[in-house]
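Student: Sending over upload_14.pdb (PDB, C-alpha atoms).
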```pdb
ATOM      1  CA  MET Y   1       6.794  29.258 -17.895
ATOM      2  CA  LEU Y   2       7.136  26.092 -19.991
ATOM      3  CA  ALA Y   3      10.867  25.912 -19.241
ATOM      4  CA  LEU Y   4      10.215  26.208 -15.496
ATOM      5  CA  LEU Y   5       7.596  23.461 -15.656
ATOM      6  CA  CYS Y   6      10.041  21.160 -17.512
ATOM      7  CA  VAL Y   7      12.767  21.805 -14.923
ATOM      8  CA  LEU Y   8      10.397  21.101 -12.008
ATOM      9  CA  THR Y   9       9.142  17.919 -13.671
ATOM     10  CA  PHE Y  10      12.693  16.728 -14.281
ATOM     11  CA  VAL Y  11      13.776  17.445 -10.705
ATOM     12  CA  SER Y  12      10.753  15.775  -9.118
ATOM     13  CA  CYS Y  13      11.093  12.658 -11.308
ATOM     14  CA  GLY Y  14      14.775  12.400 -10.455
ATOM     15  CA  ASP Y  15      14.115  12.310  -6.720
ATOM     16  CA  ILE Y  16      12.776   8.819  -6.114
ATOM     17  CA  GLY Y  17      13.084   8.983  -2.348
ATOM     18  CA  TYR Y  18      15.667   6.264  -1.688
ATOM     19  CA  THR Y  19      19.271   5.459  -2.496
ATOM     20  CA  GLU Y  20      20.930   2.555  -4.229
ATOM     21  CA  GLU Y  21      22.466   1.532  -0.899
ATOM     22  CA  GLU Y  22      19.022   1.462   0.749
ATOM     23  CA  ILE Y  23      17.758  -0.795  -2.045
ATOM     24  CA  LYS Y  24      20.711  -3.150  -1.555
ATOM     25  CA  GLN Y  25      20.165  -3.337   2.206
ATOM     26  CA  THR Y  26      16.421  -3.896   1.804
ATOM     27  CA  ALA Y  27      16.948  -6.527  -0.888
ATOM     28  CA  GLN Y  28      19.430  -8.410   1.276
ATOM     29  CA  THR Y  29      17.051  -8.419   4.255
ATOM     30  CA  LEU Y  30      14.130  -9.641   2.155
ATOM     31  CA  ILE Y  31      16.154 -12.277   0.307
ATOM     32  CA  GLU Y  32      17.557 -13.650   3.563
ATOM     33  CA  ALA Y  33      14.003 -13.848   4.943
ATOM     34  CA  SER Y  34      12.929 -15.681   1.777
ATOM     35  CA  TYR Y  35      15.230 -18.650   2.502
ATOM     36  CA  GLU Y  36      12.880 -19.984   5.187
ATOM     37  CA  LEU Y  37       9.842 -19.406   2.974
ATOM     38  CA  ASN Y  38      11.530 -21.164   0.052
ATOM     39  CA  GLU Y  39      11.928 -24.212   2.275
ATOM     40  CA  ILE Y  40       8.252 -24.011   3.244
ATOM     41  CA  TYR Y  41       6.807 -23.531  -0.255
ATOM     42  CA  PHE Y  42       9.342 -25.364  -2.426
ATOM     43  CA  GLY Y  43      11.484 -27.474  -0.113
ATOM     44  CA  GLU Y  44      10.954 -30.109   2.522
ATOM     45  CA  GLY Y  45       8.328 -28.010   4.286
ATOM     46  CA  LEU Y  46       8.126 -27.974   8.067
ATOM     47  CA  PRO Y  47       9.052 -30.645  10.621
ATOM     48  CA  THR Y  48       6.194 -33.075  11.244
ATOM     49  CA  LYS Y  49       5.296 -35.618  13.868
ATOM     50  CA  ASP Y  50       5.423 -39.278  12.906
ATOM     51  CA  GLU Y  51       1.751 -39.726  13.707
ATOM     52  CA  VAL Y  52      -0.868 -39.572  10.987
ATOM     53  CA  SER Y  53      -3.304 -36.674  11.263
ATOM     54  CA  VAL Y  54      -6.852 -37.715  12.068
ATOM     55  CA  GLY Y  55      -8.946 -37.984   8.922
ATOM     56  CA  SER Y  56      -6.096 -37.916   6.440
ATOM     57  CA  ALA Y  57      -3.272 -40.266   5.601
ATOM     58  CA  LEU Y  58      -1.730 -37.568   3.369
ATOM     59  CA  TYR Y  59      -0.959 -35.024   6.092
ATOM     60  CA  ARG Y  60       0.866 -35.055   9.395
ATOM     61  CA  PRO Y  61       0.775 -32.441  12.165
ATOM     62  CA  VAL Y  62       3.796 -30.177  12.482
ATOM     63  CA  THR Y  63       5.942 -30.655  15.555
ATOM     64  CA  ASP Y  64       5.104 -28.755  18.727
ATOM     65  CA  ASP Y  65       8.347 -26.763  18.511
ATOM     66  CA  CYS Y  66       7.646 -25.681  14.917
ATOM     67  CA  LYS Y  67       7.772 -21.913  14.392
ATOM     68  CA  TYR Y  68       4.375 -21.965  12.644
ATOM     69  CA  HIS Y  69       1.158 -23.512  13.951
ATOM     70  CA  SER Y  70      -1.415 -22.395  11.365
ATOM     71  CA  THR Y  71      -1.682 -21.511   7.715
ATOM     72  CA  LEU Y  72      -2.484 -17.936   8.776
ATOM     73  CA  GLU Y  73       0.898 -17.644  10.513
ATOM     74  CA  ILE Y  74       2.723 -18.799   7.370
ATOM     75  CA  LYS Y  75       0.711 -16.365   5.247
ATOM     76  CA  ALA Y  76       1.561 -13.485   7.594
ATOM     77  CA  ALA Y  77       5.288 -14.295   7.346
ATOM     78  CA  THR Y  78       5.007 -14.519   3.551
ATOM     79  CA  GLU Y  79       3.315 -11.118   3.317
ATOM     80  CA  LYS Y  80       6.294  -9.523   5.102
ATOM     81  CA  VAL Y  81       8.611 -10.640   2.283
ATOM     82  CA  TYR Y  82       6.645 -10.854  -0.973
ATOM     83  CA  THR Y  83       4.274  -8.581  -2.912
ATOM     84  CA  GLU Y  84       0.531  -9.156  -2.740
ATOM     85  CA  ASP Y  85       0.558 -10.558  -6.290
ATOM     86  CA  TYR Y  86       3.370 -13.036  -5.665
ATOM     87  CA  CYS Y  87       1.804 -14.045  -2.345
ATOM     88  CA  GLN Y  88      -1.290 -15.212  -4.227
ATOM     89  CA  ILE Y  89       0.867 -17.575  -6.301
ATOM     90  CA  LEU Y  90       2.537 -18.934  -3.162
ATOM     91  CA  PHE Y  91      -0.759 -19.273  -1.283
ATOM     92  CA  LYS Y  92      -2.264 -21.291  -4.115
ATOM     93  CA  ARG Y  93       0.728 -23.643  -4.098
ATOM     94  CA  GLY Y  94       0.927 -23.834  -0.342
ATOM     95  CA  PHE Y  95      -2.672 -23.971   0.815
ATOM     96  CA  GLU Y  96      -5.019 -24.692  -2.079
ATOM     97  CA  GLY Y  97      -3.307 -27.158  -4.384
ATOM     98  CA  THR Y  98      -3.830 -27.336  -8.123
ATOM     99  CA  SER Y  99      -5.036 -29.599 -10.849
ATOM    100  CA  LEU Y 100      -3.806 -29.567 -14.389
ATOM    101  CA  GLN Y 101      -6.527 -29.394 -17.020
ATOM    102  CA  SER Y 102      -4.323 -31.145 -19.569
ATOM    103  CA  ASP Y 103      -4.327 -34.366 -17.564
ATOM    104  CA  THR Y 104      -5.803 -35.855 -14.437
ATOM    105  CA  ARG Y 105      -2.972 -35.070 -12.025
ATOM    106  CA  ILE Y 106      -3.796 -33.250  -8.834
ATOM    107  CA  VAL Y 107      -1.197 -31.467  -6.744
ATOM    108  CA  TYR Y 108      -2.508 -31.323  -3.201
ATOM    109  CA  ALA Y 109      -1.959 -28.341  -0.923
ATOM    110  CA  ARG Y 110       1.347 -28.511   0.918
ATOM    111  CA  PHE Y 111      -0.270 -27.458   4.210
ATOM    112  CA  ILE Y 112      -3.747 -27.516   5.703
ATOM    113  CA  ASP Y 113      -5.212 -26.796   9.097
ATOM    114  CA  ASP Y 114      -6.903 -29.977  10.344
ATOM    115  CA  PHE Y 115     -10.321 -30.195  12.017
ATOM    116  CA  ASP Y 116      -8.734 -29.266  15.365
ATOM    117  CA  GLY Y 117      -7.067 -26.188  13.864
ATOM    118  CA  ARG Y 118      -3.576 -27.747  13.921
ATOM    119  CA  LEU Y 119      -1.218 -27.045  11.046
ATOM    120  CA  THR Y 120      -0.459 -30.199   9.063
ATOM    121  CA  ALA Y 121       1.992 -30.778   6.221
ATOM    122  CA  ARG Y 122       1.758 -33.183   3.340
ATOM    123  CA  LYS Y 123       3.884 -36.171   4.273
ATOM    124  CA  ASP Y 124       5.623 -36.488   0.877
ATOM    125  CA  LEU Y 125       7.207 -33.012   0.798
ATOM    126  CA  LYS Y 126      10.763 -34.314   1.216
ATOM    127  CA  GLU Y 127      10.389 -36.508  -1.862
ATOM    128  CA  THR Y 128       8.899 -33.739  -4.008
ATOM    129  CA  ALA Y 129      11.112 -30.809  -2.906
ATOM    130  CA  LEU Y 130      12.195 -28.342  -5.599
ATOM    131  CA  TYR Y 131      14.253 -26.001  -3.420
ATOM    132  CA  ASN Y 132      17.937 -26.832  -3.431
ATOM    133  CA  GLY Y 133      19.137 -24.449  -0.725
ATOM    134  CA  ARG Y 134      19.934 -21.553  -3.077
ATOM    135  CA  THR Y 135      21.586 -18.634  -1.281
ATOM    136  CA  TYR Y 136      23.020 -15.377  -2.576
ATOM    137  CA  ASP Y 137      26.406 -13.666  -2.562
ATOM    138  CA  PHE Y 138      25.365 -10.139  -1.631
ATOM    139  CA  SER Y 139      28.820  -8.743  -2.394
ATOM    140  CA  THR Y 140      27.914  -9.213  -6.085
ATOM    141  CA  MET Y 141      24.597  -7.338  -5.902
ATOM    142  CA  LYS Y 142      24.045  -4.663  -8.546
ATOM    143  CA  VAL Y 143      21.111  -2.303  -8.782
ATOM    144  CA  ASP Y 144      20.009  -2.385 -12.420
ATOM    145  CA  SER Y 145      17.191   0.157 -12.219
ATOM    146  CA  MET Y 146      15.312   2.262  -9.699
ATOM    147  CA  LYS Y 147      11.908   3.833 -10.143
ATOM    148  CA  LYS Y 148       9.577   5.437  -7.636
ATOM    149  CA  THR Y 149       7.902   2.126  -6.660
ATOM    150  CA  GLU Y 150      10.146  -0.525  -8.223
ATOM    151  CA  ALA Y 151      13.778  -1.551  -8.235
ATOM    152  CA  LYS Y 152      15.553  -4.305 -10.130
ATOM    153  CA  ILE Y 153      18.725  -5.958  -8.944
ATOM    154  CA  THR Y 154      21.020  -8.730 -10.106
ATOM    155  CA  VAL Y 155      22.865 -10.911  -7.629
ATOM    156  CA  THR Y 156      24.931 -14.090  -7.953
ATOM    157  CA  SER Y 157      23.331 -17.166  -6.425
ATOM    158  CA  MET Y 158      25.020 -20.197  -4.918
ATOM    159  CA  VAL Y 159      23.910 -23.792  -4.510
ATOM    160  CA  ASN Y 160      25.721 -25.960  -1.972
ATOM    161  CA  GLY Y 161      28.296 -23.202  -1.510
ATOM    162  CA  LYS Y 162      29.217 -23.121  -5.220
ATOM    163  CA  THR Y 163      28.519 -20.238  -7.579
ATOM    164  CA  ASP Y 164      25.490 -21.075  -9.698
ATOM    165  CA  GLN Y 165      24.033 -18.191 -11.720
ATOM    166  CA  ASP Y 166      23.173 -14.516 -11.669
ATOM    167  CA  VAL Y 167      19.533 -13.954 -10.740
ATOM    168  CA  ALA Y 168      17.437 -10.896 -11.606
ATOM    169  CA  ILE Y 169      15.103  -9.903  -8.768
ATOM    170  CA  THR Y 170      12.391  -7.251  -8.728
ATOM    171  CA  LEU Y 171      11.388  -5.342  -5.604
ATOM    172  CA  LYS Y 172       8.180  -3.339  -5.437
ATOM    173  CA  LEU Y 173       7.146  -0.672  -2.982
ATOM    174  CA  GLU Y 174       3.692  -1.423  -1.559
ATOM    175  CA  GLN Y 175       1.750   0.214   1.262
ATOM    176  CA  SER Y 176       3.437  -2.118   3.747
ATOM    177  CA  GLY Y 177       6.938  -1.374   2.395
ATOM    178  CA  TRP Y 178       9.363  -2.963  -0.044
ATOM    179  CA  ARG Y 179       8.593  -6.543  -1.053
ATOM    180  CA  LEU Y 180      10.111  -9.101  -3.428
ATOM    181  CA  ASP Y 181       8.071  -9.633  -6.596
ATOM    182  CA  THR Y 182      10.062 -12.531  -7.997
ATOM    183  CA  PRO Y 183      10.987 -15.963  -6.670
ATOM    184  CA  THR Y 184      14.349 -16.569  -5.011
ATOM    185  CA  TYR Y 185      14.319 -20.361  -4.790
TER     186      TYR Y 185
END
```
Take the structure I supplied and represent it as structure tokens, if you would.
Tutor:
Amino acid sequence: MLALLCVLTFVSCGDIGYTEEEIKQTAQTLIEASYELNEIYFGEGLPTKDEVSVGSALYRPVTDDCKYHSTLEIKAATEKVYTEDYCQILFKRGFEGTSLQSDTRIVYARFIDDFDGRLTARKDLKETALYNGRTYDFSTMKVDSMKKTEAKITVTSMVNGKTDQDVAITLKLEQSGWRLDTPTY
């Protein structure tokens, strides 16, 4: 009886429900979707109008042809790519801002909805951008580990078309599907 139980446990643990190829395809789709979000959260942001938003000299409304028109729309796009936990980090950076207790510096939210409900972006995002256009060479992707609800991959990144470094990325399976749990910028 004990031997049968051990065999059944081994077999059920070995069947994780997806293949290495499925992980690679999912990772590629999510990473490609993250490029736009990296620009929003860490890059130059979204295109803005030249006018100053009413009530604030720090923020400008996004252009009428912008893909996003509210913070809720950006959050919804983010939730399709990243885990709930990582989304909270991005939302804090994007929509709440931070202050450092060690000094008096305040980092304002990158985006806010103004009094009229229009999405506005901080006007200095181009000057403070961290994202350098990192992309990935998916032909180098390796699956390092696969568990029932988590997979880890390594893939070579490129900056300005030149090979930069290998990046380890974690994917987690949540109720809404696979999501990235690490940054890709």
Student: Determine the nearest neighbour of Y:Glu20 from the options Y:Ser145, Y:Met158, Y:Thr98, Y:Tyr131, counting all atoms listed in the file.
Tutor: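 That would be Y:Ser145, the residue with the smallest distance to Y:Glu20.
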Student: Just give me the gap between atom CA of Y:Gly45 and atom CA of Y:Lys162 in Å, one decimal is fine.
Tutor: 23.5 Å
Student: Run the PyMOL selection byres ((chain Y and resi 113-124) around 12) mentally over the shown coordinates, then write out the matched residues as a PyMOL selection string, using the chain letters and numbers from the document.
Tutor: chain Y and resi 40-41+43-64+66-74+94-97+107-112+125-129
Student: Of the residues Y:Ala77, Y:Arg93, Y:Cys87, Y:Lys152, which is the one nearest to Y:Tyr35, using only C-alpha atoms?
Tutor: Y:Ala77
Student: Using all atoms listed in the file, which of Y:Thr149, Y:Thr19, Y:Ser157, Y:Gln88 sits nearest Y:Leu173?
Tutor: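 Closest to Y:Leu173, using all atoms listed in the file: Y:Thr149.
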Student: Provide the atom CA of Y:Asp166 to atom CA of Y:Phe91 distance in Å, to one decimal place.
Tutor: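 These atoms are spaced 26.5 Å apart.
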Student: For atom CA of Y:Leu130 and atom CA of Y:Ile106, determine how far apart the two atoms are, in Å to one decimal place.
Tutor: 17.0 Å
Student: Just give me the residues with any atom within 7 Å of (21.7, -15.1, -2.8), file coordinates, counting only C-alpha atoms, written as number ranges by chain.
Tutor: Y: 31, 134-138, 155-158
Student: Once the PyMOL selection byres ((chain Y and resi 151) around 7) is applied to the coordinates I shared, what remains selected? I want it as a list in words.
Tutor: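 That expression, the PyMOL selection byres ((chain Y and resi 151) around 7), corresponds here to Ser145, Met146, Lys147, Glu150, Lys152, Ile153, Thr170, Leu171 and Lys172 of chain Y.
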Student: Measuring atom to atom with all atoms listed in the file, identify which of Y:Ile16, Y:Asn132, Y:Asp65, Y:Leu37 is nearest to Y:Asp164.
Tutor: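 Answer, going by the shortest atom-to-atom distance: Y:Asn132.
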Student: For a quick check of understanding, using all atoms listed in the file, which of Y:Val159, Y:Val143, Y:Thr184, Y:Arg105 has the smallest distance to Y:Glu22?
Tutor: Y:Val143
Student: Identify the residues within 12 Å of coordinate (-1.4, -10.2, -6.4) (same frame as the file), considering all atoms listed in the file, and give the answer as number ranges by chain.
Tutor: Y: 79, 82-92, 172, 174, 179-182
Student: Could you write out as JSON the box around stretch 109-121 of chain Y (axis-aligned, all atoms listed in the file, 8 Å on each side), with centre and edge lengths in Å to one decimal?
Tutor:
```
{"center_x": -4.2, "center_y": -28.5, "center_z": 7.2, "size_x": 28.3, "size_y": 20.6, "size_z": 32.3}
```
Student: Given all atoms listed in the file as the basis, pick out the residue of Y:Ser139, Y:Asp144, Y:Val167, Y:Tyr185 nearest to Y:Gln28.
Tutor: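 Of Y:Ser139, Y:Asp144, Y:Val167, Y:Tyr185, the one nearest Y:Gln28, counting all atoms listed in the file, is Y:Ser139.
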